[in-house]
>>> print(open('entry_12.pdb').read())   # PDB, C-alpha atoms and all ligand atoms
ATOM      1  CA  MET D 228      52.604  67.252  58.113  1.00  0.00           C
ATOM      2  CA  SER D 229      50.490  67.409  54.982  1.00  0.00           C
ATOM      3  CA  GLU D 230      52.423  66.584  51.770  1.00  0.00           C
ATOM      4  CA  PRO D 231      52.460  62.871  50.864  1.00  0.00           C
ATOM      5  CA  SER D 232      55.888  61.288  51.228  1.00  0.00           C
ATOM      6  CA  PRO D 233      57.500  58.543  49.117  1.00  0.00           C
ATOM      7  CA  ILE D 234      59.266  57.291  52.270  1.00  0.00           C
ATOM      8  CA  LYS D 235      57.171  54.536  53.801  1.00  0.00           C
ATOM      9  CA  SER D 236      59.480  52.821  56.298  1.00  0.00           C
ATOM     10  CA  LEU D 237      62.101  53.714  58.882  1.00  0.00           C
ATOM     11  CA  LYS D 238      64.634  51.744  56.834  1.00  0.00           C
ATOM     12  CA  SER D 239      64.090  53.878  53.726  1.00  0.00           C
ATOM     13  CA  LEU D 240      64.082  56.956  55.926  1.00  0.00           C
ATOM     14  CA  ARG D 241      67.499  56.010  57.326  1.00  0.00           C
ATOM     15  CA  GLU D 242      68.844  55.465  53.807  1.00  0.00           C
ATOM     16  CA  ALA D 243      67.504  58.835  52.660  1.00  0.00           C
ATOM     17  CA  GLU D 244      68.914  60.633  55.710  1.00  0.00           C
ATOM     18  CA  GLU D 245      72.343  59.200  54.996  1.00  0.00           C
ATOM     19  CA  GLN D 246      72.267  60.981  51.605  1.00  0.00           C
ATOM     20  CA  CYS D 247      71.127  64.292  53.126  1.00  0.00           C
ATOM     21  CA  THR D 248      72.678  67.512  51.826  1.00  0.00           C
ATOM     22  CA  ARG D 249      69.835  69.811  52.900  1.00  0.00           C
ATOM     23  CA  CYS D 250      72.277  71.975  54.900  1.00  0.00           C
ATOM     24  CA  PRO D 251      76.104  72.092  54.992  1.00  0.00           C
ATOM     25  CA  LEU D 252      76.489  70.036  58.209  1.00  0.00           C
ATOM     26  CA  TYR D 253      76.863  66.770  56.279  1.00  0.00           C
ATOM     27  CA  LYS D 254      80.230  67.957  54.927  1.00  0.00           C
ATOM     28  CA  HIS D 255      82.172  67.469  58.177  1.00  0.00           C
ATOM     29  CA  ALA D 256      80.169  64.891  60.111  1.00  0.00           C
ATOM     30  CA  THR D 257      81.063  61.187  59.919  1.00  0.00           C
ATOM     31  CA  GLN D 258      77.499  60.195  59.092  1.00  0.00           C
ATOM     32  CA  ALA D 259      73.865  61.121  59.599  1.00  0.00           C
ATOM     33  CA  VAL D 260      72.530  59.707  62.876  1.00  0.00           C
ATOM     34  CA  PRO D 261      68.985  58.451  62.358  1.00  0.00           C
ATOM     35  CA  GLY D 262      66.381  57.963  65.062  1.00  0.00           C
ATOM     36  CA  GLU D 263      66.255  54.561  66.715  1.00  0.00           C
ATOM     37  CA  GLY D 264      63.610  52.545  68.514  1.00  0.00           C
ATOM     38  CA  PRO D 265      60.381  50.622  68.002  1.00  0.00           C
ATOM     39  CA  ALA D 266      58.490  51.551  64.832  1.00  0.00           C
ATOM     40  CA  ARG D 267      55.311  51.972  66.894  1.00  0.00           C
ATOM     41  CA  ALA D 268      56.793  53.608  69.990  1.00  0.00           C
ATOM     42  CA  ARG D 269      54.330  55.578  72.112  1.00  0.00           C
ATOM     43  CA  ILE D 270      57.044  58.036  73.140  1.00  0.00           C
ATOM     44  CA  MET D 271      59.431  59.830  70.808  1.00  0.00           C
ATOM     45  CA  MET D 272      62.303  61.637  72.533  1.00  0.00           C
ATOM     46  CA  VAL D 273      63.869  64.412  70.496  1.00  0.00           C
ATOM     47  CA  GLY D 274      67.329  65.684  71.418  1.00  0.00           C
ATOM     48  CA  GLU D 275      69.389  68.434  69.818  1.00  0.00           C
ATOM     49  CA  GLN D 276      71.943  66.769  67.563  1.00  0.00           C
ATOM     50  CA  PRO D 277      74.367  63.835  67.733  1.00  0.00           C
ATOM     51  CA  GLY D 278      77.444  64.398  69.885  1.00  0.00           C
ATOM     52  CA  ASP D 279      80.972  63.133  69.271  1.00  0.00           C
ATOM     53  CA  GLN D 280      80.196  59.513  70.279  1.00  0.00           C
ATOM     54  CA  GLU D 281      76.900  59.447  68.403  1.00  0.00           C
ATOM     55  CA  ASP D 282      78.595  60.770  65.265  1.00  0.00           C
ATOM     56  CA  LYS D 283      81.184  57.975  65.420  1.00  0.00           C
ATOM     57  CA  GLN D 284      78.749  55.171  66.293  1.00  0.00           C
ATOM     58  CA  GLY D 285      75.820  56.341  64.129  1.00  0.00           C
ATOM     59  CA  LYS D 286      73.387  55.937  67.029  1.00  0.00           C
ATOM     60  CA  PRO D 287      71.555  58.591  69.073  1.00  0.00           C
ATOM     61  CA  PHE D 288      72.224  59.162  72.786  1.00  0.00           C
ATOM     62  CA  VAL D 289      75.045  56.662  73.266  1.00  0.00           C
ATOM     63  CA  GLY D 290      77.419  59.197  74.909  1.00  0.00           C
ATOM     64  CA  PRO D 291      77.365  60.898  78.343  1.00  0.00           C
ATOM     65  CA  ALA D 292      74.016  62.706  77.810  1.00  0.00           C
ATOM     66  CA  GLY D 293      72.552  59.363  76.758  1.00  0.00           C
ATOM     67  CA  GLY D 294      73.675  57.904  80.089  1.00  0.00           C
ATOM     68  CA  VAL D 295      71.783  60.595  82.003  1.00  0.00           C
ATOM     69  CA  LEU D 296      68.726  60.095  79.801  1.00  0.00           C
ATOM     70  CA  ALA D 297      68.734  56.307  80.300  1.00  0.00           C
ATOM     71  CA  LYS D 298      68.978  56.668  84.087  1.00  0.00           C
ATOM     72  CA  ALA D 299      66.248  59.322  84.202  1.00  0.00           C
ATOM     73  CA  LEU D 300      63.928  57.173  82.072  1.00  0.00           C
ATOM     74  CA  GLU D 301      64.478  54.262  84.438  1.00  0.00           C
ATOM     75  CA  ASP D 302      63.797  56.473  87.470  1.00  0.00           C
ATOM     76  CA  ALA D 303      60.620  57.741  85.783  1.00  0.00           C
ATOM     77  CA  GLY D 304      59.440  54.161  85.185  1.00  0.00           C
ATOM     78  CA  ILE D 305      59.799  54.346  81.414  1.00  0.00           C
ATOM     79  CA  GLU D 306      61.443  51.440  79.592  1.00  0.00           C
ATOM     80  CA  ARG D 307      64.352  52.850  77.527  1.00  0.00           C
ATOM     81  CA  ASN D 308      63.834  50.227  74.819  1.00  0.00           C
ATOM     82  CA  SER D 309      60.191  51.214  74.369  1.00  0.00           C
ATOM     83  CA  VAL D 310      61.132  54.759  73.373  1.00  0.00           C
ATOM     84  CA  PHE D 311      61.981  56.036  69.896  1.00  0.00           C
ATOM     85  CA  VAL D 312      64.996  58.304  70.374  1.00  0.00           C
ATOM     86  CA  THR D 313      66.017  60.848  67.781  1.00  0.00           C
ATOM     87  CA  ASN D 314      67.405  64.347  67.262  1.00  0.00           C
ATOM     88  CA  ALA D 315      66.197  67.638  65.797  1.00  0.00           C
ATOM     89  CA  VAL D 316      69.380  67.784  63.698  1.00  0.00           C
ATOM     90  CA  LYS D 317      70.831  64.586  62.249  1.00  0.00           C
ATOM     91  CA  HIS D 318      74.466  65.596  61.682  1.00  0.00           C
ATOM     92  CA  PHE D 319      77.039  66.515  64.361  1.00  0.00           C
ATOM     93  CA  LYS D 320      77.989  70.195  64.323  1.00  0.00           C
ATOM     94  CA  PHE D 321      81.347  70.902  65.916  1.00  0.00           C
ATOM     95  CA  GLU D 322      84.400  73.098  65.985  1.00  0.00           C
ATOM     96  CA  ALA D 323      87.756  71.326  65.715  1.00  0.00           C
ATOM     97  CA  ARG D 324      90.230  72.244  68.498  1.00  0.00           C
ATOM     98  CA  GLY D 325      93.327  70.201  67.899  1.00  0.00           C
ATOM     99  CA  LYS D 326      92.176  66.590  68.180  1.00  0.00           C
ATOM    100  CA  ARG D 327      89.007  67.522  70.045  1.00  0.00           C
ATOM    101  CA  ARG D 328      85.670  68.227  68.410  1.00  0.00           C
ATOM    102  CA  LEU D 329      83.701  70.739  70.434  1.00  0.00           C
ATOM    103  CA  HIS D 330      79.939  70.674  70.161  1.00  0.00           C
ATOM    104  CA  LYS D 331      78.387  73.734  68.475  1.00  0.00           C
ATOM    105  CA  ARG D 332      74.716  74.557  68.686  1.00  0.00           C
ATOM    106  CA  PRO D 333      72.807  74.205  65.423  1.00  0.00           C
ATOM    107  CA  ASN D 334      71.396  77.480  64.123  1.00  0.00           C
ATOM    108  CA  ALA D 335      67.797  78.232  63.143  1.00  0.00           C
ATOM    109  CA  TYR D 336      68.472  77.509  59.451  1.00  0.00           C
ATOM    110  CA  GLU D 337      69.974  74.071  60.218  1.00  0.00           C
ATOM    111  CA  ILE D 338      67.108  73.209  62.578  1.00  0.00           C
ATOM    112  CA  ASP D 339      64.505  74.254  60.033  1.00  0.00           C
ATOM    113  CA  ARG D 340      66.168  72.332  57.166  1.00  0.00           C
ATOM    114  CA  CYS D 341      66.397  69.185  59.302  1.00  0.00           C
ATOM    115  CA  HIS D 342      62.793  69.476  60.460  1.00  0.00           C
ATOM    116  CA  TRP D 343      61.910  67.664  57.238  1.00  0.00           C
ATOM    117  CA  TRP D 344      63.383  64.425  58.679  1.00  0.00           C
ATOM    118  CA  LEU D 345      61.831  64.777  62.097  1.00  0.00           C
ATOM    119  CA  ASP D 346      58.474  65.340  60.466  1.00  0.00           C
ATOM    120  CA  LEU D 347      58.865  62.105  58.466  1.00  0.00           C
ATOM    121  CA  GLU D 348      59.899  60.197  61.597  1.00  0.00           C
ATOM    122  CA  ARG D 349      56.807  61.451  63.388  1.00  0.00           C
ATOM    123  CA  ARG D 350      54.580  60.493  60.457  1.00  0.00           C
ATOM    124  CA  LEU D 351      55.983  56.956  60.395  1.00  0.00           C
ATOM    125  CA  VAL D 352      56.142  56.265  64.152  1.00  0.00           C
ATOM    126  CA  ARG D 353      53.059  58.265  65.145  1.00  0.00           C
ATOM    127  CA  PRO D 354      53.982  58.512  68.836  1.00  0.00           C
ATOM    128  CA  ASP D 355      51.340  59.491  71.397  1.00  0.00           C
ATOM    129  CA  ILE D 356      53.748  61.974  72.961  1.00  0.00           C
ATOM    130  CA  VAL D 357      56.841  63.723  71.654  1.00  0.00           C
ATOM    131  CA  VAL D 358      59.254  64.685  74.424  1.00  0.00           C
ATOM    132  CA  ALA D 359      61.324  67.675  73.343  1.00  0.00           C
ATOM    133  CA  LEU D 360      64.650  67.756  75.192  1.00  0.00           C
ATOM    134  CA  GLY D 361      65.928  71.328  75.288  1.00  0.00           C
ATOM    135  CA  ALA D 362      65.551  74.489  73.242  1.00  0.00           C
ATOM    136  CA  THR D 363      66.604  73.104  69.843  1.00  0.00           C
ATOM    137  CA  ALA D 364      64.141  70.208  70.037  1.00  0.00           C
ATOM    138  CA  ILE D 365      61.354  72.500  71.231  1.00  0.00           C
ATOM    139  CA  ARG D 366      61.997  74.833  68.323  1.00  0.00           C
ATOM    140  CA  SER D 367      61.951  71.997  65.838  1.00  0.00           C
ATOM    141  CA  VAL D 368      58.847  70.275  67.191  1.00  0.00           C
ATOM    142  CA  CYS D 369      56.844  73.513  67.646  1.00  0.00           C
ATOM    143  CA  GLY D 370      58.254  75.337  64.630  1.00  0.00           C
ATOM    144  CA  ARG D 371      59.152  78.348  66.771  1.00  0.00           C
ATOM    145  CA  PRO D 372      61.323  79.099  69.797  1.00  0.00           C
ATOM    146  CA  LEU D 373      59.678  78.846  73.232  1.00  0.00           C
ATOM    147  CA  THR D 374      61.161  79.523  76.670  1.00  0.00           C
ATOM    148  CA  ILE D 375      61.742  76.153  78.342  1.00  0.00           C
ATOM    149  CA  ASN D 376      60.871  77.311  81.828  1.00  0.00           C
ATOM    150  CA  LYS D 377      57.496  78.593  80.634  1.00  0.00           C
ATOM    151  CA  VAL D 378      56.489  75.373  78.907  1.00  0.00           C
ATOM    152  CA  ARG D 379      58.304  72.502  80.611  1.00  0.00           C
ATOM    153  CA  GLY D 380      56.632  69.704  82.515  1.00  0.00           C
ATOM    154  CA  HIS D 381      53.160  69.644  81.052  1.00  0.00           C
ATOM    155  CA  ILE D 382      51.521  68.073  78.051  1.00  0.00           C
ATOM    156  CA  MET D 383      50.881  70.560  75.250  1.00  0.00           C
ATOM    157  CA  SER D 384      48.823  70.118  72.095  1.00  0.00           C
ATOM    158  CA  LEU D 385      50.587  70.716  68.798  1.00  0.00           C
ATOM    159  CA  PRO D 386      48.913  72.409  65.819  1.00  0.00           C
ATOM    160  CA  ASP D 387      49.155  69.125  63.839  1.00  0.00           C
ATOM    161  CA  GLY D 388      47.157  67.240  66.458  1.00  0.00           C
ATOM    162  CA  GLY D 389      50.143  65.651  68.229  1.00  0.00           C
ATOM    163  CA  ARG D 390      51.074  66.080  71.879  1.00  0.00           C
ATOM    164  CA  MET D 391      54.371  67.331  73.273  1.00  0.00           C
ATOM    165  CA  LEU D 392      56.073  67.490  76.617  1.00  0.00           C
ATOM    166  CA  ALA D 393      58.996  69.910  76.825  1.00  0.00           C
ATOM    167  CA  THR D 394      61.825  69.549  79.290  1.00  0.00           C
ATOM    168  CA  ILE D 395      65.534  70.295  79.592  1.00  0.00           C
ATOM    169  CA  HIS D 396      68.280  68.564  77.643  1.00  0.00           C
ATOM    170  CA  PRO D 397      70.135  65.970  79.782  1.00  0.00           C
ATOM    171  CA  SER D 398      73.495  67.564  78.924  1.00  0.00           C
ATOM    172  CA  TYR D 399      72.377  70.586  80.967  1.00  0.00           C
ATOM    173  CA  ILE D 400      72.551  68.363  84.070  1.00  0.00           C
ATOM    174  CA  LEU D 401      76.038  67.186  83.111  1.00  0.00           C
ATOM    175  CA  ARG D 402      77.259  70.790  82.978  1.00  0.00           C
ATOM    176  CA  ILE D 403      76.075  71.719  86.510  1.00  0.00           C
ATOM    177  CA  GLU D 404      79.024  71.768  88.903  1.00  0.00           C
ATOM    178  CA  ASP D 405      77.255  72.249  92.223  1.00  0.00           C
ATOM    179  CA  ASP D 406      76.211  68.818  93.552  1.00  0.00           C
ATOM    180  CA  ALA D 407      73.028  69.948  95.294  1.00  0.00           C
ATOM    181  CA  ASP D 408      71.880  71.863  92.217  1.00  0.00           C
ATOM    182  CA  LYS D 409      72.754  68.921  89.992  1.00  0.00           C
ATOM    183  CA  ARG D 410      70.640  66.587  92.146  1.00  0.00           C
ATOM    184  CA  ALA D 411      67.734  69.044  92.213  1.00  0.00           C
ATOM    185  CA  GLN D 412      67.774  69.552  88.445  1.00  0.00           C
ATOM    186  CA  TYR D 413      67.985  65.801  87.848  1.00  0.00           C
ATOM    187  CA  LYS D 414      64.979  65.265  90.144  1.00  0.00           C
ATOM    188  CA  ARG D 415      63.023  67.875  88.231  1.00  0.00           C
ATOM    189  CA  PHE D 416      63.954  66.246  84.933  1.00  0.00           C
ATOM    190  CA  VAL D 417      62.685  62.877  86.210  1.00  0.00           C
ATOM    191  CA  ALA D 418      59.491  64.571  87.444  1.00  0.00           C
ATOM    192  CA  ASP D 419      58.923  65.960  83.928  1.00  0.00           C
ATOM    193  CA  LEU D 420      59.366  62.484  82.439  1.00  0.00           C
ATOM    194  CA  LYS D 421      56.918  61.075  84.985  1.00  0.00           C
ATOM    195  CA  VAL D 422      54.282  63.483  83.630  1.00  0.00           C
ATOM    196  CA  CYS D 423      54.747  61.778  80.268  1.00  0.00           C
ATOM    197  CA  ALA D 424      54.510  58.284  81.811  1.00  0.00           C
ATOM    198  CA  LYS D 425      51.319  59.261  83.662  1.00  0.00           C
ATOM    199  CA  ALA D 426      49.683  60.747  80.562  1.00  0.00           C
ATOM    200  CA  LEU D 427      50.379  57.532  78.668  1.00  0.00           C
ATOM    201  CA  ALA D 428      49.059  55.339  81.462  1.00  0.00           C
ATOM    202  CA  GLU D 429      45.847  57.405  81.532  1.00  0.00           C
ATOM    203  CA  ALA D 430      45.437  57.106  77.760  1.00  0.00           C
ATOM    204  CA  ALA D 431      46.079  53.339  77.684  1.00  0.00           C
TER     205      ALA D 431
HETATM  206  N1  LIG K 501      72.793  64.998  72.632  1.00  0.00           N
HETATM  207  C1  LIG K 501      71.740  64.988  71.792  1.00  0.00           C
HETATM  208  O1  LIG K 501      70.975  65.924  71.726  1.00  0.00           O
HETATM  209  N2  LIG K 501      71.550  63.923  71.055  1.00  0.00           N
HETATM  210  C2  LIG K 501      72.331  62.876  71.083  1.00  0.00           C
HETATM  211  O2  LIG K 501      72.081  61.928  70.356  1.00  0.00           O
HETATM  212  C3  LIG K 501      73.406  62.910  71.987  1.00  0.00           C
HETATM  213  C4  LIG K 501      73.634  63.972  72.741  1.00  0.00           C
END
>>> encode(input="entry_12.pdb", output="structure tokens", more="lines below")
Ligand code: URA
Amino acid sequence: MSEPSPIKSLKSLREAEEQCTRCPLYKHATQAVPGEGPARARIMMVGEQPGDQEDKQGKPFVGPAGGVLAKALEDAGIERNSVFVTNAVKHFKFEARGKRRLHKRPNAYEIDRCHWWLDLERRLVRPDIVVALGATAIRSVCGRPLTINKVRGHIMSLPDGGRMLATIHPSYILRIEDDADKRAQYKRFVADLKVCAKALAEAA
């Protein structure tokens, strides 16, 4: 986070992201999906990449994973509208199977190329805490891969002076078939988010 940037507002950032050709993902996606939320949000939530719905609507976390995230935020006592929500990768990566578009994980090159945008979002919003949702977000925010289960659920300091809380991606909960396990993992996800809410309340 050191080089000066010509981008001074979230509006100009959105316009610049829409022109992005920093990696090949722009070629097949409908549009870049910029981060969304208050310009001075205290929490920035970072997901992996837009899904099918997000790609079509141009907004982050409006599909099924977004539903889980919204409910978990409410259960953790965090106002959804107070949070800046974004993704580590701004274009949808997918594999076409007939009419369906199946989500594909972004690779290290795509994450690293897109880090440029996340860095600018962080510089503009300056959140107190960045919540990294899942492995891709953790890699982007920290600049290296970390094992979720070793780092989740507590506030960590970042080399640039920021603070991060790592947790799972909400789509992980959607994929669990066993009801009891699903409930337990959801509860743990909410508990992680409560750590963030508590840290903010203590800093206020
Ligand atoms: N999953 C993500 O990581 N981000 C979105 O915006 C939607 C689903």
>>> residues_near_ligand(input="entry_12.pdb", ligand="ligand LIG 501 (chain K)", cutoff="8 Å", atoms="all atoms listed in the file", output="list of chain:residue names")
D:Val260, D:Val273, D:Gly274, D:Glu275, D:Gln276, D:Pro277, D:Gly278, D:Gln280, D:Glu281, D:Lys286, D:Pro287, D:Phe288, D:Val289, D:Gly290, D:Pro291, D:Ala292, D:Gly293, D:Val312, D:Thr313, D:Asn314, D:Ala315, D:Leu360, D:His396, D:Pro397, D:Ser398
>>> closest_residue(input="entry_12.pdb", among="D:Arg366, D:Arg349, D:His318, D:Arg327", to="Glu244 (chain D)", atoms="only C-alpha atoms")
D:His318
>>> resolve_selection(input="entry_12.pdb", expression="the PyMOL selection byres (((chain D and resi 384-388) around 9) and not hetatm)", output="PyMOL selection string")
chain D and resi 228+368-369+382-383+389-392
>>> write_last_selection(input="entry_12.pdb", atoms="C-alpha atoms", output="PDB file, in the coordinates of the input")
ATOM      1  CA  MET D 228      52.604  67.252  58.113  1.00  0.00           C
ATOM      2  CA  VAL D 368      58.847  70.275  67.191  1.00  0.00           C
ATOM      3  CA  CYS D 369      56.844  73.513  67.646  1.00  0.00           C
ATOM      4  CA  ILE D 382      51.521  68.073  78.051  1.00  0.00           C
ATOM      5  CA  MET D 383      50.881  70.560  75.250  1.00  0.00           C
ATOM      6  CA  GLY D 389      50.143  65.651  68.229  1.00  0.00           C
ATOM      7  CA  ARG D 390      51.074  66.080  71.879  1.00  0.00           C
ATOM      8  CA  MET D 391      54.371  67.331  73.273  1.00  0.00           C
ATOM      9  CA  LEU D 392      56.073  67.490  76.617  1.00  0.00           C
TER      10      LEU D 392
END
>>> residues_around(input="entry_12.pdb", residues="Thr374 (chain D)", least_positions_apart="4", cutoff="10 Å", atoms="all atoms listed in the file", output="PyMOL selection string")
chain D and resi 361-362+365-366+378-379+393
>>> closest_residue(input="entry_12.pdb", among="D:Ile356, D:Leu351, D:Ala323, D:Leu296", to="Pro265 (chain D)", atoms="all atoms listed in the file")
D:Leu351
